[in-house]
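Everything below concerns the one structure shown next.
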Amino acid sequence: VVARQLAERGEAIDHDVVEASAAQYVAWVQAQSGVGGSSAGPAIVVQAPPEQAADDTMTTRIIGTIAIGMIIFFAFYTGASTAGSIIREDEEGTLARLFTTPVPRTVVLGGKLLSVGATLVAQLTVLLLLTALIFGIRWGLPAAVLLAALGTTVAASGFGVCVMSFVDNSRQTGPVMGGVLTVAGLLGGLMTTGFQSLPAAYTTVTLLTPHGWALRAWKLALEGAGSGALLLPAVVLLLYGGALFAVGALRFRRRF
């Protein structure tokens with residue numbers, strides 16, 4: 001290249017100039033590639049185009065918000081379904097057999113009700129891990145995720161126990177679960193998580209249900225909020241769950 005440029009200018013080709021230029025070029029290449037102990041970075045840095053990275057982030061966020069609604073809905077469904085097992089055991093006679101043992105009835109019912117929370121903990125753990133592995137969803141800081149999961153578990157357990165305490169027999173569990181959980185899910189905003197622009201009044205209405213507070217907690221966690229931002233939703237969910245659980249446990253104790 002040097003020789004051609006010299007020829008184009010009508011100058012004599014000086015081999016010393018050519019060799020000096022080649023030496024400078026070699027030194028530049030080595031500096032760019034980090035050869036010879038240089039601290040310079042690599043000559044080529046490969047990265048995703050900004051537009052593609054933004055599209056991937058937006059897609060993951062949309063999938064995450066939809067997954068939040070589904071996870072919360074099935075958590076409340078599982079809570080009611082597990083609590084409904086008490087009614088089935090009563091009809092099948094296994095609960096009466098447990099009551100004949102020296103174990104107090106309060107302890108028997110307490111164990112049955114606590115199994116609702118244990119089932120929900122297992123379900124939430126599996127769903128969070130699977131969505132993270134399959135869809136690449138990053139649920140947020142561990143402390144924030146723990147608060148959201150704890151509040152959701154307590155609220156869903158209390159809600160399920162309370163709803164099932166008003167059911168007389170197993171034939172009623174299906175219609176009650178389908179109707180009550182669907183209406184509560186709609187009011188709580190679980191069916192509209194994929195919509196970006198919703199009226200502010202609708203968001204306020206969702207907070208009248210434990211589903212809406214669970215939705216707020218998980219959205220904050222997904223956005224990377226710290227544990228401080230989730231304290232209020234977590235406390236409200238714990239209060240909701242505790243109150244509903246107390247009502248359901250009292251009704252079951254009186255019933256049996």
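Ordering of the structure tokens sets the chain letters (A, B, ...); residue numbers start at 1 within each chain; ligands are numbered from 1 in the order shown.
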
Give me, as a PyMOL selection string, all polymer residues having an atom no more than 10 Å from Pro142 of chain A, counting only C-alpha atoms and skipping those fewer than 6 positions away in the same chain. chain A and resi 148+221+224+226-227

For the residues in that selection, give me all heavy atoms as a PDB file, in the first residue's frame.
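What follows is the written file part.pdb:
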```
ATOM      1  N   ALA A 148     -42.586 -11.466  48.338  1.00  0.00           N
ATOM      2  CA  ALA A 148     -43.746 -11.673  47.466  1.00  0.00           C
ATOM      3  C   ALA A 148     -44.278 -13.101  47.585  1.00  0.00           C
ATOM      4  O   ALA A 148     -45.496 -13.324  47.643  1.00  0.00           O
ATOM      5  CB  ALA A 148     -43.366 -11.372  46.016  1.00  0.00           C
ATOM      6  N   ALA A 221     -41.275  -6.864  42.305  1.00  0.00           N
ATOM      7  CA  ALA A 221     -40.124  -7.758  42.324  1.00  0.00           C
ATOM      8  C   ALA A 221     -39.546  -7.936  40.928  1.00  0.00           C
ATOM      9  O   ALA A 221     -38.323  -7.944  40.738  1.00  0.00           O
ATOM     10  CB  ALA A 221     -40.517  -9.108  42.917  1.00  0.00           C
ATOM     11  N   GLY A 224     -37.303  -5.254  39.721  1.00  0.00           N
ATOM     12  CA  GLY A 224     -36.034  -5.109  40.421  1.00  0.00           C
ATOM     13  C   GLY A 224     -36.097  -4.269  41.671  1.00  0.00           C
ATOM     14  O   GLY A 224     -35.054  -3.806  42.162  1.00  0.00           O
ATOM     15  N   GLY A 226     -36.374  -3.161  45.602  1.00  0.00           N
ATOM     16  CA  GLY A 226     -35.805  -3.729  46.805  1.00  0.00           C
ATOM     17  C   GLY A 226     -36.865  -4.221  47.765  1.00  0.00           C
ATOM     18  O   GLY A 226     -38.071  -4.034  47.556  1.00  0.00           O
ATOM     19  N   SER A 227     -36.408  -4.839  48.848  1.00  0.00           N
ATOM     20  CA  SER A 227     -37.348  -5.389  49.819  1.00  0.00           C
ATOM     21  C   SER A 227     -38.178  -4.309  50.497  1.00  0.00           C
ATOM     22  O   SER A 227     -39.312  -4.551  50.902  1.00  0.00           O
ATOM     23  CB  SER A 227     -36.583  -6.203  50.863  1.00  0.00           C
ATOM     24  OG  SER A 227     -35.590  -5.395  51.494  1.00  0.00           O
TER      25      SER A 227
END
```

Segment 175-192 of chain A: which residues within 9 Å, counting only C-alpha atoms, same-chain residues fewer than 5 positions away excluded, as a PyMOL selection string? chain A and resi 66+68-70+72-73+76-77+80-81+160+163-164+167+198+202-203+205-215

Would you list, as a PyMOL selection string, the residues of segment 83-225 of chain A that end up in helix (DSSP H, G or I) under DSSP run on this structure's backbone? chain A and resi 83-92+94-99+105-135+142-164+170-187+200-206+210-222

Within 7 Å of segment 241-247 of chain A, counting only C-alpha atoms, which residues qualify if same-chain residues fewer than 3 places away don't, as an mmCIF file with all heavy atoms, in the first residue's frame?
```cif
data_model
loop_
_atom_site.group_PDB
_atom_site.id
_atom_site.type_symbol
_atom_site.label_atom_id
_atom_site.label_comp_id
_atom_site.auth_asym_id
_atom_site.auth_seq_id
_atom_site.Cartn_x
_atom_site.Cartn_y
_atom_site.Cartn_z
ATOM 1 N N VAL A 154 -49.400 -17.042 52.119
ATOM 2 C CA VAL A 154 -50.299 -16.843 53.260
ATOM 3 C C VAL A 154 -51.681 -16.403 52.785
ATOM 4 O O VAL A 154 -52.708 -16.906 53.257
ATOM 5 C CB VAL A 154 -49.692 -15.811 54.232
ATOM 6 C CG1 VAL A 154 -50.689 -15.479 55.351
ATOM 7 C CG2 VAL A 154 -48.398 -16.336 54.822
ATOM 8 N N ALA A 155 -51.716 -15.457 51.826
ATOM 9 C CA ALA A 155 -53.012 -14.967 51.337
ATOM 10 C C ALA A 155 -53.790 -16.066 50.629
ATOM 11 O O ALA A 155 -55.002 -16.214 50.829
ATOM 12 C CB ALA A 155 -52.795 -13.779 50.405
ATOM 13 N N ALA A 156 -53.113 -16.849 49.769
ATOM 14 C CA ALA A 156 -53.797 -17.920 49.041
ATOM 15 C C ALA A 156 -54.268 -19.013 49.987
ATOM 16 O O ALA A 156 -55.357 -19.581 49.810
ATOM 17 C CB ALA A 156 -52.871 -18.505 47.980
ATOM 18 N N SER A 157 -53.478 -19.307 51.020
ATOM 19 C CA SER A 157 -53.892 -20.330 51.995
ATOM 20 C C SER A 157 -55.137 -19.873 52.752
ATOM 21 O O SER A 157 -56.112 -20.624 52.887
ATOM 22 C CB SER A 157 -52.755 -20.605 52.982
ATOM 23 O OG SER A 157 -51.606 -21.067 52.314
ATOM 24 N N GLY A 158 -55.096 -18.641 53.258
ATOM 25 C CA GLY A 158 -56.246 -18.128 53.988
ATOM 26 C C GLY A 158 -57.483 -18.020 53.127
ATOM 27 O O GLY A 158 -58.597 -18.358 53.562
ATOM 28 N N PHE A 159 -57.300 -17.580 51.882
ATOM 29 C CA PHE A 159 -58.437 -17.451 50.964
ATOM 30 C C PHE A 159 -59.063 -18.814 50.682
ATOM 31 O O PHE A 159 -60.285 -18.966 50.713
ATOM 32 C CB PHE A 159 -57.964 -16.809 49.666
ATOM 33 C CG PHE A 159 -59.064 -16.492 48.696
ATOM 34 C CD1 PHE A 159 -59.781 -15.313 48.787
ATOM 35 C CD2 PHE A 159 -59.384 -17.381 47.679
ATOM 36 C CE1 PHE A 159 -60.799 -15.020 47.896
ATOM 37 C CE2 PHE A 159 -60.400 -17.104 46.785
ATOM 38 C CZ PHE A 159 -61.112 -15.913 46.890
ATOM 39 N N VAL A 161 -58.892 -21.634 52.487
ATOM 40 C CA VAL A 161 -59.523 -22.194 53.679
ATOM 41 C C VAL A 161 -60.856 -21.504 53.946
ATOM 42 O O VAL A 161 -61.860 -22.157 54.280
ATOM 43 C CB VAL A 161 -58.575 -22.053 54.888
ATOM 44 C CG1 VAL A 161 -59.299 -22.401 56.185
ATOM 45 C CG2 VAL A 161 -57.354 -22.946 54.708
ATOM 46 N N CYS A 162 -60.898 -20.187 53.802
ATOM 47 C CA CYS A 162 -62.135 -19.449 54.056
ATOM 48 C C CYS A 162 -63.224 -19.838 53.064
ATOM 49 O O CYS A 162 -64.371 -20.071 53.447
ATOM 50 C CB CYS A 162 -61.854 -17.949 53.996
ATOM 51 S SG CYS A 162 -63.279 -16.911 54.382
ATOM 52 N N LEU A 237 -50.878 -8.522 52.403
ATOM 53 C CA LEU A 237 -51.172 -9.915 52.080
ATOM 54 C C LEU A 237 -51.176 -10.791 53.335
ATOM 55 O O LEU A 237 -52.024 -11.679 53.478
ATOM 56 C CB LEU A 237 -50.138 -10.440 51.076
ATOM 57 C CG LEU A 237 -50.265 -9.924 49.644
ATOM 58 C CD1 LEU A 237 -49.060 -10.345 48.818
ATOM 59 C CD2 LEU A 237 -51.542 -10.430 48.995
ATOM 60 N N LEU A 238 -50.256 -10.541 54.250
ATOM 61 C CA LEU A 238 -50.230 -11.310 55.492
ATOM 62 C C LEU A 238 -51.486 -11.050 56.329
ATOM 63 O O LEU A 238 -52.055 -11.981 56.919
ATOM 64 C CB LEU A 238 -48.978 -10.961 56.293
ATOM 65 C CG LEU A 238 -47.632 -11.409 55.692
ATOM 66 C CD1 LEU A 238 -46.474 -10.920 56.550
ATOM 67 C CD2 LEU A 238 -47.574 -12.926 55.560
ATOM 68 N N LEU A 250 -62.070 -21.160 62.112
ATOM 69 C CA LEU A 250 -63.134 -21.117 63.111
ATOM 70 C C LEU A 250 -64.377 -21.847 62.629
ATOM 71 O O LEU A 250 -65.011 -22.605 63.380
ATOM 72 C CB LEU A 250 -63.467 -19.663 63.452
ATOM 73 C CG LEU A 250 -64.552 -19.441 64.507
ATOM 74 C CD1 LEU A 250 -64.130 -20.062 65.836
ATOM 75 C CD2 LEU A 250 -64.833 -17.945 64.673
ATOM 76 N N ARG A 251 -64.727 -21.656 61.366
ATOM 77 C CA ARG A 251 -65.897 -22.336 60.822
ATOM 78 C C ARG A 251 -65.674 -23.848 60.754
ATOM 79 O O ARG A 251 -66.577 -24.627 61.076
ATOM 80 C CB ARG A 251 -66.228 -21.786 59.431
ATOM 81 C CG ARG A 251 -66.836 -20.397 59.448
ATOM 82 C CD ARG A 251 -67.211 -19.967 58.030
ATOM 83 N NE ARG A 251 -68.133 -20.922 57.412
ATOM 84 C CZ ARG A 251 -69.453 -20.900 57.585
ATOM 85 N NH1 ARG A 251 -70.006 -19.984 58.368
ATOM 86 N NH2 ARG A 251 -70.210 -21.800 56.981
#
```

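Atom CA of Thr173 of chain A is positioned 23.0 Å from atom CA of Phe99 of chain A.
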
Need to verify the contact set: segment 16-19 of chain A, 10 Å, only C-alpha atoms, exclusion of same-chain residues closer than 3 positions in sequence. Can you return it as JSON, numbers by chain? {"A": [1, 2, 3, 6, 13, 22, 23, 24, 25]}

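When atom CA of Val235 of chain A is paired with atom CA of Leu222 of chain A, their separation reads 18.4 Å.
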
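Residues surrounding Ile63 of chain A within 12 Å are Asp56, Thr57, Gly69, Met70, Ile71, Thr131, Ala132, Ile134, Phe135, Gly136, Ile137, Arg138, Trp139, Thr193, Gly194, Phe195 and Leu222 of chain A [only C-alpha atoms; sequence separation below 6 positions excluded].
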
Given only C-alpha atoms as the counted atoms, nearest of A:Val116, A:Val45, A:Leu130, A:Ala234 to Thr152 of chain A: A:Ala234

Students should find that atom CA of Asp90 of chain A and atom CA of Leu120 of chain A are spaced 22.3 Å

Would you list the contacts of Gln123 of chain A as a PyMOL selection string, taking every protein, DNA or RNA residue within 10 Å and counting only C-alpha atoms, but skipping same-chain residues closer than 4 positions in sequence? chain A and resi 71+74-75+78+117-119+127-128+153

From the set A:Thr125, A:Gln47, A:Thr204, A:Thr106, which residue has the shortest atom-to-atom contact distance to Val145 of chain A, counting only C-alpha atoms?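 Nearest to Val145 of chain A: A:Thr125.
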
When distances are computed from only C-alpha atoms, which of A:Leu113, A:Val126, A:Ala200, A:Leu150 shows the smallest separation from Ile87 of chain A?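 Distance minimum relative to Ile87 of chain A lands on A:Leu113.
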